[in-house]
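Quick look at model27.cif (mmCIF, C-alpha atoms and all ligand atoms):
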```
data_data
#
loop_
_atom_site.group_PDB
_atom_site.id
_atom_site.type_symbol
_atom_site.label_atom_id
_atom_site.label_comp_id
_atom_site.auth_asym_id
_atom_site.auth_seq_id
_atom_site.Cartn_x
_atom_site.Cartn_y
_atom_site.Cartn_z
ATOM 1 C CA MET A 1 109.435 101.173 82.421
ATOM 2 C CA HIS A 2 111.813 101.174 79.446
ATOM 3 C CA PRO A 3 109.679 100.239 76.412
ATOM 4 C CA ALA A 4 111.969 97.330 75.520
ATOM 5 C CA LYS A 5 111.368 95.799 78.945
ATOM 6 C CA ILE A 6 107.566 95.716 78.775
ATOM 7 C CA ALA A 7 106.310 92.147 78.373
ATOM 8 C CA PRO A 8 104.315 91.991 75.113
ATOM 9 C CA ARG A 9 101.246 90.598 76.891
ATOM 10 C CA ASP A 10 101.303 93.471 79.415
ATOM 11 C CA ARG A 11 100.868 95.967 76.560
ATOM 12 C CA LEU A 12 97.134 95.357 76.355
ATOM 13 C CA ILE A 13 95.269 97.180 79.124
ATOM 14 C CA ALA A 14 91.633 96.072 79.223
ATOM 15 C CA ALA A 15 89.267 98.763 80.496
ATOM 16 C CA LEU A 16 86.806 97.201 82.946
ATOM 17 C CA ASP A 17 84.089 99.700 82.005
ATOM 18 C CA LEU A 18 81.338 97.681 83.654
ATOM 19 C CA PRO A 19 78.568 98.577 86.110
ATOM 20 C CA SER A 20 79.353 96.388 89.115
ATOM 21 C CA VAL A 21 82.073 94.422 90.870
ATOM 22 C CA ALA A 22 80.100 91.229 90.150
ATOM 23 C CA SER A 23 80.042 91.897 86.401
ATOM 24 C CA ALA A 24 83.733 92.837 86.476
ATOM 25 C CA GLU A 25 84.638 89.635 88.340
ATOM 26 C CA ALA A 26 82.679 87.586 85.799
ATOM 27 C CA MET A 27 84.549 89.323 82.959
ATOM 28 C CA ILE A 28 87.933 88.773 84.665
ATOM 29 C CA ASP A 29 87.085 85.053 84.994
ATOM 30 C CA ARG A 30 86.098 84.916 81.343
ATOM 31 C CA LEU A 31 89.255 86.674 80.165
ATOM 32 C CA GLY A 32 91.509 84.441 82.287
ATOM 33 C CA ASP A 33 95.165 84.708 81.322
ATOM 34 C CA SER A 34 94.387 86.665 78.134
ATOM 35 C CA VAL A 35 94.549 89.891 80.184
ATOM 36 C CA THR A 36 97.325 90.735 82.651
ATOM 37 C CA PHE A 37 96.592 94.475 82.991
ATOM 38 C CA TYR A 38 93.202 95.991 83.892
ATOM 39 C CA LYS A 39 91.988 99.572 83.956
ATOM 40 C CA ILE A 40 89.366 100.666 86.465
ATOM 41 C CA GLY A 41 87.754 104.027 85.747
ATOM 42 C CA TYR A 42 84.712 106.096 86.744
ATOM 43 C CA GLN A 43 81.991 103.511 86.136
ATOM 44 C CA LEU A 44 83.455 100.651 88.176
ATOM 45 C CA GLY A 45 85.498 102.856 90.507
ATOM 46 C CA TYR A 46 82.346 104.543 91.825
ATOM 47 C CA ALA A 47 80.672 101.130 92.216
ATOM 48 C CA GLY A 48 83.141 99.443 94.563
ATOM 49 C CA GLY A 49 85.984 99.150 92.068
ATOM 50 C CA LEU A 50 88.707 100.474 94.362
ATOM 51 C CA THR A 51 88.377 97.448 96.628
ATOM 52 C CA LEU A 52 88.480 95.237 93.536
ATOM 53 C CA ALA A 53 91.582 97.123 92.358
ATOM 54 C CA LYS A 54 93.382 96.187 95.579
ATOM 55 C CA GLN A 55 92.310 92.540 95.268
ATOM 56 C CA LEU A 56 93.353 92.380 91.612
ATOM 57 C CA ALA A 57 96.768 93.864 92.369
ATOM 58 C CA GLY A 58 97.126 91.399 95.268
ATOM 59 C CA SER A 59 96.315 88.509 92.923
ATOM 60 C CA GLY A 60 99.157 89.407 90.571
ATOM 61 C CA LYS A 61 97.319 91.409 87.898
ATOM 62 C CA LYS A 62 98.504 94.909 87.049
ATOM 63 C CA VAL A 63 96.039 97.703 87.704
ATOM 64 C CA PHE A 64 95.596 101.121 86.101
ATOM 65 C CA LEU A 65 93.401 103.404 88.213
ATOM 66 C CA ASP A 66 91.869 105.832 85.765
ATOM 67 C CA LEU A 67 90.558 108.459 88.170
ATOM 68 C CA LYS A 68 91.607 111.437 86.016
ATOM 69 C CA LEU A 69 92.187 113.678 89.022
ATOM 70 C CA HIS A 70 92.052 117.439 88.656
ATOM 71 C CA ASP A 71 91.533 119.732 91.660
ATOM 72 C CA ILE A 72 93.516 122.163 93.808
ATOM 73 C CA GLY A 73 96.990 120.816 94.527
ATOM 74 C CA ASN A 74 96.371 119.897 98.154
ATOM 75 C CA THR A 75 93.264 117.877 97.306
ATOM 76 C CA VAL A 76 95.050 116.060 94.468
ATOM 77 C CA ALA A 77 97.996 115.231 96.752
ATOM 78 C CA ARG A 78 95.788 113.841 99.518
ATOM 79 C CA GLY A 79 93.813 111.812 96.956
ATOM 80 C CA VAL A 80 96.985 110.342 95.510
ATOM 81 C CA GLU A 81 98.165 109.417 99.021
ATOM 82 C CA SER A 82 94.866 107.608 99.598
ATOM 83 C CA VAL A 83 95.174 105.455 96.483
ATOM 84 C CA ALA A 84 98.954 104.937 96.612
ATOM 85 C CA GLY A 85 98.543 101.962 98.951
ATOM 86 C CA LEU A 86 96.143 100.025 96.716
ATOM 87 C CA GLY A 87 98.963 98.430 94.734
ATOM 88 C CA ALA A 88 98.052 99.977 91.384
ATOM 89 C CA THR A 89 100.715 100.539 88.714
ATOM 90 C CA PHE A 90 99.223 103.644 87.055
ATOM 91 C CA LEU A 91 96.998 106.542 88.129
ATOM 92 C CA THR A 92 95.743 109.241 85.744
ATOM 93 C CA VAL A 93 95.553 112.976 86.385
ATOM 94 C CA HIS A 94 94.659 115.689 83.886
ATOM 95 C CA ALA A 95 97.730 117.429 82.460
ATOM 96 C CA TYR A 96 97.459 120.728 84.345
ATOM 97 C CA PRO A 97 100.725 121.873 85.942
ATOM 98 C CA GLN A 98 99.459 122.268 89.544
ATOM 99 C CA THR A 99 97.718 118.906 89.370
ATOM 100 C CA MET A 100 100.711 117.062 87.891
ATOM 101 C CA LYS A 101 103.144 118.622 90.384
ATOM 102 C CA ALA A 102 100.986 117.678 93.371
ATOM 103 C CA ALA A 103 100.452 114.117 92.116
ATOM 104 C CA VAL A 104 104.146 113.495 91.429
ATOM 105 C CA GLU A 105 105.149 114.768 94.885
ATOM 106 C CA ALA A 106 102.448 112.716 96.626
ATOM 107 C CA ARG A 107 103.330 109.427 94.915
ATOM 108 C CA ALA A 108 106.952 109.621 96.126
ATOM 109 C CA GLY A 109 107.917 106.542 98.100
ATOM 110 C CA SER A 110 105.234 104.351 96.514
ATOM 111 C CA THR A 111 105.370 102.179 93.399
ATOM 112 C CA LEU A 112 102.502 104.122 91.820
ATOM 113 C CA LYS A 113 103.256 105.843 88.496
ATOM 114 C CA ILE A 114 101.449 108.992 87.417
ATOM 115 C CA LEU A 115 100.076 109.302 83.876
ATOM 116 C CA ALA A 116 99.074 112.731 82.551
ATOM 117 C CA VAL A 117 96.059 112.781 80.239
ATOM 118 C CA THR A 118 97.067 115.222 77.470
ATOM 119 C CA VAL A 119 93.982 115.719 75.263
ATOM 120 C CA LEU A 120 91.112 113.223 75.474
ATOM 121 C CA THR A 121 90.804 110.943 72.440
ATOM 122 C CA SER A 122 87.165 111.974 71.952
ATOM 123 C CA TYR A 123 88.339 115.533 71.139
ATOM 124 C CA ASP A 124 89.284 116.965 67.758
ATOM 125 C CA ASP A 125 90.373 120.525 66.935
ATOM 126 C CA ASN A 126 86.754 121.762 66.857
ATOM 127 C CA ASP A 127 86.027 120.298 70.291
ATOM 128 C CA LEU A 128 89.117 122.030 71.699
ATOM 129 C CA GLN A 129 88.004 125.335 70.211
ATOM 130 C CA ALA A 130 84.538 124.873 71.711
ATOM 131 C CA ALA A 131 86.233 124.352 75.085
ATOM 132 C CA GLY A 132 88.041 127.691 74.717
ATOM 133 C CA TYR A 133 91.456 126.550 73.484
ATOM 134 C CA ARG A 134 93.220 128.233 70.563
ATOM 135 C CA LEU A 135 95.704 125.397 69.994
ATOM 136 C CA SER A 136 95.252 122.395 67.720
ATOM 137 C CA VAL A 137 95.074 118.953 69.328
ATOM 138 C CA SER A 138 98.630 118.095 68.278
ATOM 139 C CA ASP A 139 100.063 121.400 69.570
ATOM 140 C CA LEU A 140 98.282 121.112 72.918
ATOM 141 C CA VAL A 141 99.274 117.443 73.341
ATOM 142 C CA GLU A 142 102.908 118.351 72.700
ATOM 143 C CA ALA A 143 102.864 121.405 74.996
ATOM 144 C CA ARG A 144 101.340 119.354 77.812
ATOM 145 C CA ALA A 145 103.837 116.528 77.231
ATOM 146 C CA ARG A 146 106.733 118.980 77.658
ATOM 147 C CA GLN A 147 105.207 120.312 80.892
ATOM 148 C CA ALA A 148 104.589 116.793 82.180
ATOM 149 C CA GLN A 149 108.162 115.782 81.416
ATOM 150 C CA ALA A 150 109.563 118.864 83.172
ATOM 151 C CA LEU A 151 107.479 118.048 86.260
ATOM 152 C CA GLY A 152 108.683 114.435 86.492
ATOM 153 C CA VAL A 153 105.443 112.744 85.423
ATOM 154 C CA ASP A 154 105.955 109.050 84.615
ATOM 155 C CA GLY A 155 103.873 108.684 81.459
ATOM 156 C CA LEU A 156 101.409 110.248 79.034
ATOM 157 C CA VAL A 157 97.936 109.321 77.843
ATOM 158 C CA SER A 158 97.218 110.418 74.289
ATOM 159 C CA SER A 159 95.795 109.064 71.079
ATOM 160 C CA PRO A 160 98.169 106.799 69.125
ATOM 161 C CA GLU A 161 98.006 109.513 66.441
ATOM 162 C CA GLU A 162 100.372 111.588 68.601
ATOM 163 C CA ALA A 163 102.625 108.721 69.752
ATOM 164 C CA ALA A 164 105.393 109.149 67.192
ATOM 165 C CA ALA A 165 105.704 112.906 67.814
ATOM 166 C CA LEU A 166 105.592 112.378 71.588
ATOM 167 C CA ARG A 167 108.334 109.747 71.469
ATOM 168 C CA LYS A 168 110.604 112.310 69.813
ATOM 169 C CA ILE A 169 109.893 114.776 72.614
ATOM 170 C CA VAL A 170 110.065 112.517 75.677
ATOM 171 C CA GLY A 171 112.311 109.698 74.426
ATOM 172 C CA VAL A 172 112.039 106.422 76.346
ATOM 173 C CA GLN A 173 111.828 108.172 79.720
ATOM 174 C CA MET A 174 108.042 108.366 79.751
ATOM 175 C CA ASN A 175 105.590 105.585 78.920
ATOM 176 C CA LEU A 176 103.086 106.311 76.154
ATOM 177 C CA VAL A 177 99.653 104.907 76.982
ATOM 178 C CA THR A 178 97.092 105.103 74.177
ATOM 179 C CA PRO A 179 93.339 104.648 74.282
ATOM 180 C CA GLY A 180 91.380 105.262 71.053
ATOM 181 C CA ILE A 181 92.269 101.745 69.883
ATOM 182 C CA ARG A 182 89.942 100.190 67.340
ATOM 183 C CA PRO A 183 90.674 96.830 65.704
ATOM 184 C CA ALA A 184 89.680 96.973 62.009
ATOM 185 C CA GLY A 185 85.923 96.798 61.593
ATOM 186 C CA SER A 186 84.986 97.684 65.202
ATOM 187 C CA ALA A 187 82.613 100.536 66.023
ATOM 188 C CA THR A 188 84.251 103.924 66.653
ATOM 189 C CA GLY A 189 81.663 105.057 69.229
ATOM 190 C CA ASP A 190 82.535 108.448 70.724
ATOM 191 C CA GLN A 191 86.276 108.177 69.935
ATOM 192 C CA LYS A 192 87.630 110.623 67.335
ATOM 193 C CA ARG A 193 91.401 109.977 67.242
ATOM 194 C CA ILE A 194 91.766 106.237 66.677
ATOM 195 C CA MET A 195 94.162 103.606 65.328
ATOM 196 C CA THR A 196 94.280 99.824 65.046
ATOM 197 C CA PRO A 197 96.394 97.946 67.624
ATOM 198 C CA ALA A 198 99.099 97.158 65.046
ATOM 199 C CA ARG A 199 99.370 100.763 63.841
ATOM 200 C CA ALA A 200 99.436 102.099 67.407
ATOM 201 C CA ILE A 201 102.355 99.831 68.330
ATOM 202 C CA ALA A 202 104.149 100.748 65.098
ATOM 203 C CA ALA A 203 103.661 104.433 65.992
ATOM 204 C CA GLY A 204 105.486 103.860 69.280
ATOM 205 C CA ALA A 205 102.719 103.300 71.825
ATOM 206 C CA ASP A 206 103.872 101.301 74.880
ATOM 207 C CA TYR A 207 100.441 100.311 76.187
ATOM 208 C CA LEU A 208 97.077 100.062 74.390
ATOM 209 C CA VAL A 209 93.915 100.755 76.391
ATOM 210 C CA VAL A 210 90.938 98.874 74.992
ATOM 211 C CA GLY A 211 87.419 98.919 76.397
ATOM 212 C CA ARG A 212 84.340 98.228 74.279
ATOM 213 C CA PRO A 213 86.069 96.216 71.541
ATOM 214 C CA VAL A 214 86.849 93.615 74.250
ATOM 215 C CA MET A 215 84.096 94.158 76.850
ATOM 216 C CA GLU A 216 81.267 94.134 74.286
ATOM 217 C CA ALA A 217 82.680 91.379 72.067
ATOM 218 C CA ALA A 218 80.649 88.187 71.723
ATOM 219 C CA ASP A 219 83.833 86.387 72.822
ATOM 220 C CA PRO A 220 85.942 88.833 74.896
ATOM 221 C CA LYS A 221 88.803 86.368 75.340
ATOM 222 C CA ALA A 222 89.076 85.817 71.576
ATOM 223 C CA ALA A 223 88.965 89.606 71.054
ATOM 224 C CA ALA A 224 91.824 90.087 73.557
ATOM 225 C CA GLU A 225 93.867 87.303 71.940
ATOM 226 C CA ALA A 226 93.353 88.849 68.492
ATOM 227 C CA ILE A 227 94.753 92.136 69.850
ATOM 228 C CA HIS A 228 97.746 90.277 71.353
ATOM 229 C CA ALA A 229 98.382 88.711 67.943
ATOM 230 C CA GLU A 230 98.352 92.156 66.296
ATOM 231 C CA ILE A 231 100.682 93.549 68.963
ATOM 232 C CA ALA A 232 103.110 90.617 68.564
ATOM 233 C CA GLU A 233 103.145 90.999 64.807
ATOM 234 C CA ALA A 234 103.777 94.747 65.024
ATOM 235 C CA LEU A 235 106.629 94.212 67.532
ATOM 236 C CA ALA A 236 108.273 91.488 65.412
HETATM 237 O O1 LIG B 1 92.578 107.896 80.438
HETATM 238 C C1 LIG B 1 92.053 107.082 79.673
HETATM 239 O O2 LIG B 1 92.185 105.875 79.839
HETATM 240 C C2 LIG B 1 91.365 107.606 78.478
HETATM 241 C C3 LIG B 1 91.849 108.800 77.965
HETATM 242 C C4 LIG B 1 91.415 109.242 76.721
HETATM 243 O O3 LIG B 1 91.863 110.270 76.202
HETATM 244 N N1 LIG B 1 90.483 108.507 76.063
HETATM 245 C C5 LIG B 1 89.953 107.352 76.568
HETATM 246 O O4 LIG B 1 89.131 106.725 75.893
HETATM 247 N N2 LIG B 1 90.354 106.919 77.815
HETATM 248 C C6 LIG B 1 89.725 105.724 78.424
HETATM 249 O O5 LIG B 1 90.035 104.585 77.631
HETATM 250 C C7 LIG B 1 88.909 103.714 77.541
HETATM 251 C C8 LIG B 1 88.557 103.549 76.090
HETATM 252 O O6 LIG B 1 87.431 102.741 75.955
HETATM 253 P P1 LIG B 1 86.882 102.253 74.562
HETATM 254 O O7 LIG B 1 86.619 103.474 73.727
HETATM 255 O O8 LIG B 1 85.620 101.531 74.930
HETATM 256 O O9 LIG B 1 87.956 101.368 73.966
HETATM 257 C C9 LIG B 1 87.789 104.328 78.386
HETATM 258 O O10 LIG B 1 87.802 103.697 79.638
HETATM 259 C C10 LIG B 1 88.186 105.787 78.511
HETATM 260 O O11 LIG B 1 87.786 106.332 79.755
#
```

Could you quickly redo this structure as structure tokens?
Amino acid sequence: MHPAKIAPRDRLIAALDLPSVASAEAMIDRLGDSVTFYKIGYQLGYAGGLTLAKQLAGSGKKVFLDLKLHDIGNTVARGVESVAGLGATFLTVHAYPQTMKAAVEARAGSTLKILAVTVLTSYDDNDLQAAGYRLSVSDLVEARARQAQALGVDGLVSSPEEAAALRKIVGVQMNLVTPGIRPAGSATGDQKRIMTPARAIAAGADYLVVGRPVMEAADPKAAAEAIHAEIAEALA
């Protein structure tokens, strides 16, 4: 979606990183209308979360299925076909050319958009080197963004640290979705490339993915509203 057309309150994507459908439903109740867009990843997805994803999408919430697919092309394509009918808005795949190509072809005819995960936000240059890469994080993110764009991928997942450079490369054609969001004063945890919500929006991020700072807050709804306030201020 063109960045200017994204409703400000849809820019916060709350990661339902919770152990069960019951705990996720309780959190969704608690968050009420403070969250319009939910992400379901490994933890909840493997615990019945795909059924919940379908229900959430049916109830009018937007859903990001964070399955981070990466396999041989045929397996990726068949997997994408299986989730395309759930009503989700976004699905992640790792940014490998065969994987991206298969996912883009398999989502044709559905409303599902494919996001390519460039370099995980828990990685820095040393982590990439340890994984066998010779490129820096920023060079690999940019190389993968160019490949994703050439293959017709709908959006990119990166740290907000790369958002401004990515916007120059992909323009407004691809949505920039950024985890690694930490409101001032919140614990970093295992994230290495982080920014506050306001700085991420100012850097050009379209959507902010936030997990623990909302899910583990004493008052999750207040935490989500504080992020909305930062987003609104940065957009103004
Ligand atoms: O694809 C993702 O959403 C993702 C990519 C990435 O590079 N880094 C990253 O943290 N994520 C996800 O974003 C969420 C961030 O959670 P918190 O660190 O708790 O805010 C988690 O659900 C991660 O799986």

Using CA of Val76 (chain A) and CA of Glu161 (chain A) as the two end points, give the distance in Å to one decimal. 28.9 Å

Taking the file as shown, find all residues satisfying the PyMOL selection byres (((chain A and resi 191) around 10) and not hetatm) and write them as JSON, numbers by chain. {"A": [120, 121, 122, 123, 124, 159, 179, 180, 181, 182, 187, 188, 189, 190, 192, 193, 194]}

Hey, which of A:Val214, A:Leu235, A:Leu176, A:Ile72 ends up closest to Tyr38 (chain A)? Count only C-alpha atoms. A:Val214

What would the selection look like, as a PyMOL selection string, if the PyMOL selection byres (((chain A and resi 69) around 12) and not hetatm) were run on the coordinates I just shared? chain A and resi 41-42+65-68+70-80+83+91-96+98-100+102-103+114-117

Could you dump the residues just selected with C-alpha atoms as a PDB file, in the coordinates of the input?
```pdb
ATOM      1  CA  GLY A  41      87.754 104.027  85.747  1.00  0.00           C
ATOM      2  CA  TYR A  42      84.712 106.096  86.744  1.00  0.00           C
ATOM      3  CA  LEU A  65      93.401 103.404  88.213  1.00  0.00           C
ATOM      4  CA  ASP A  66      91.869 105.832  85.765  1.00  0.00           C
ATOM      5  CA  LEU A  67      90.558 108.459  88.170  1.00  0.00           C
ATOM      6  CA  LYS A  68      91.607 111.437  86.016  1.00  0.00           C
ATOM      7  CA  HIS A  70      92.052 117.439  88.656  1.00  0.00           C
ATOM      8  CA  ASP A  71      91.533 119.732  91.660  1.00  0.00           C
ATOM      9  CA  ILE A  72      93.516 122.163  93.808  1.00  0.00           C
ATOM     10  CA  GLY A  73      96.990 120.816  94.527  1.00  0.00           C
ATOM     11  CA  ASN A  74      96.371 119.897  98.154  1.00  0.00           C
ATOM     12  CA  THR A  75      93.264 117.877  97.306  1.00  0.00           C
ATOM     13  CA  VAL A  76      95.050 116.060  94.468  1.00  0.00           C
ATOM     14  CA  ALA A  77      97.996 115.231  96.752  1.00  0.00           C
ATOM     15  CA  ARG A  78      95.788 113.841  99.518  1.00  0.00           C
ATOM     16  CA  GLY A  79      93.813 111.812  96.956  1.00  0.00           C
ATOM     17  CA  VAL A  80      96.985 110.342  95.510  1.00  0.00           C
ATOM     18  CA  VAL A  83      95.174 105.455  96.483  1.00  0.00           C
ATOM     19  CA  LEU A  91      96.998 106.542  88.129  1.00  0.00           C
ATOM     20  CA  THR A  92      95.743 109.241  85.744  1.00  0.00           C
ATOM     21  CA  VAL A  93      95.553 112.976  86.385  1.00  0.00           C
ATOM     22  CA  HIS A  94      94.659 115.689  83.886  1.00  0.00           C
ATOM     23  CA  ALA A  95      97.730 117.429  82.460  1.00  0.00           C
ATOM     24  CA  TYR A  96      97.459 120.728  84.345  1.00  0.00           C
ATOM     25  CA  GLN A  98      99.459 122.268  89.544  1.00  0.00           C
ATOM     26  CA  THR A  99      97.718 118.906  89.370  1.00  0.00           C
ATOM     27  CA  MET A 100     100.711 117.062  87.891  1.00  0.00           C
ATOM     28  CA  ALA A 102     100.986 117.678  93.371  1.00  0.00           C
ATOM     29  CA  ALA A 103     100.452 114.117  92.116  1.00  0.00           C
ATOM     30  CA  ILE A 114     101.449 108.992  87.417  1.00  0.00           C
ATOM     31  CA  LEU A 115     100.076 109.302  83.876  1.00  0.00           C
ATOM     32  CA  ALA A 116      99.074 112.731  82.551  1.00  0.00           C
ATOM     33  CA  VAL A 117      96.059 112.781  80.239  1.00  0.00           C
TER      34      VAL A 117
END
```

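The space separating atom N1 of ligand LIG 1 (chain B) from CA of Ile28 (chain A) comes to 21.7 Å.
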
Ref. answer, residues at most 9 Å from (106.8, 103.0, 89.6) with all atoms listed in the file, as an MDAnalysis selection string: chainID A and resid 1 89:90 110:114 154

Output file for the selection above: C-alpha atoms, as a short mmCIF file (atom, residue, chain, number, x, y, z; two decimals), in the coordinates of the input:
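Written file, part.cif:
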```
data_model
loop_
_atom_site.label_atom_id
_atom_site.label_comp_id
_atom_site.auth_asym_id
_atom_site.auth_seq_id
_atom_site.Cartn_x
_atom_site.Cartn_y
_atom_site.Cartn_z
CA MET A 1 109.44 101.17 82.42
CA THR A 89 100.72 100.54 88.71
CA PHE A 90 99.22 103.64 87.06
CA SER A 110 105.23 104.35 96.51
CA THR A 111 105.37 102.18 93.40
CA LEU A 112 102.50 104.12 91.82
CA LYS A 113 103.26 105.84 88.50
CA ILE A 114 101.45 108.99 87.42
CA ASP A 154 105.96 109.05 84.62
#
```

Might I get the box with edges along x, y and z of the file that holds all atoms of region 214-217 of chain A listed there, padded by 4 Å on every side, given as centre and edge lengths in Å to one decimal, as lines of an AutoDock Vina configuration file?
```
center_x = 84.1
center_y = 92.8
center_z = 74.5
size_x = 13.6
size_y = 10.8
size_z = 12.8
```

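Among the candidates A:Lys62, A:Arg144, A:Arg9, A:Lys221, the residue lying nearest to Leu156 (chain A) is A:Arg144 (atoms considered: all atoms listed in the file).
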
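Restricting the calculation to all atoms listed in the file, the smallest distance between Tyr46 (chain A) and any of A:Ala143, A:Met27, A:Val21, A:Val153 is found for A:Val21.
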
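Comparing A:Gly109, A:Gly60, A:Pro197, A:Gly87 by their smallest distance to Phe37 (chain A), the closest is A:Gly60 (using all atoms listed in the file).
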
Selected by the PyMOL selection byres (((chain A and resi 196) around 10) and not hetatm) in the shown coordinates: which residues, as an mmCIF file with C-alpha atoms, keeping the file's coordinate frame?
```
data_model
loop_
_atom_site.group_PDB
_atom_site.id
_atom_site.type_symbol
_atom_site.label_atom_id
_atom_site.label_comp_id
_atom_site.auth_asym_id
_atom_site.auth_seq_id
_atom_site.Cartn_x
_atom_site.Cartn_y
_atom_site.Cartn_z
ATOM 1 C CA PRO A 160 98.169 106.799 69.125
ATOM 2 C CA GLY A 180 91.380 105.262 71.053
ATOM 3 C CA ILE A 181 92.269 101.745 69.883
ATOM 4 C CA ARG A 182 89.942 100.190 67.340
ATOM 5 C CA PRO A 183 90.674 96.830 65.704
ATOM 6 C CA ALA A 184 89.680 96.973 62.009
ATOM 7 C CA GLY A 185 85.923 96.798 61.593
ATOM 8 C CA SER A 186 84.986 97.684 65.202
ATOM 9 C CA ILE A 194 91.766 106.237 66.677
ATOM 10 C CA MET A 195 94.162 103.606 65.328
ATOM 11 C CA PRO A 197 96.394 97.946 67.624
ATOM 12 C CA ALA A 198 99.099 97.158 65.046
ATOM 13 C CA ARG A 199 99.370 100.763 63.841
ATOM 14 C CA ALA A 200 99.436 102.099 67.407
ATOM 15 C CA ILE A 201 102.355 99.831 68.330
ATOM 16 C CA ALA A 202 104.149 100.748 65.098
ATOM 17 C CA LEU A 208 97.077 100.062 74.390
ATOM 18 C CA ILE A 227 94.753 92.136 69.850
ATOM 19 C CA GLU A 230 98.352 92.156 66.296
ATOM 20 C CA ILE A 231 100.682 93.549 68.963
#
```

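Distances to Val63 (chain A) were evaluated for A:Asp10, A:Glu142, A:Asp206, A:Glu162 using all atoms listed in the file, and the minimum falls at A:Asp10.
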
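CA of Gly32 (chain A) is found 19.0 Å from CA of Leu44 (chain A).
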
Which neighbours of Leu151 (chain A) fall inside 8 Å, counting all atoms listed in the file, when residues of the same chain fewer than 6 positions from it are skipped, and could you give them as a list in words? Pro97, Met100, Lys101 and Val104 of chain A

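You can rank A:Arg146, A:Leu135, A:Gly204, A:Met215 by their closest distance to Pro19 (chain A) using only C-alpha atoms, and at the top of that list sits A:Met215.
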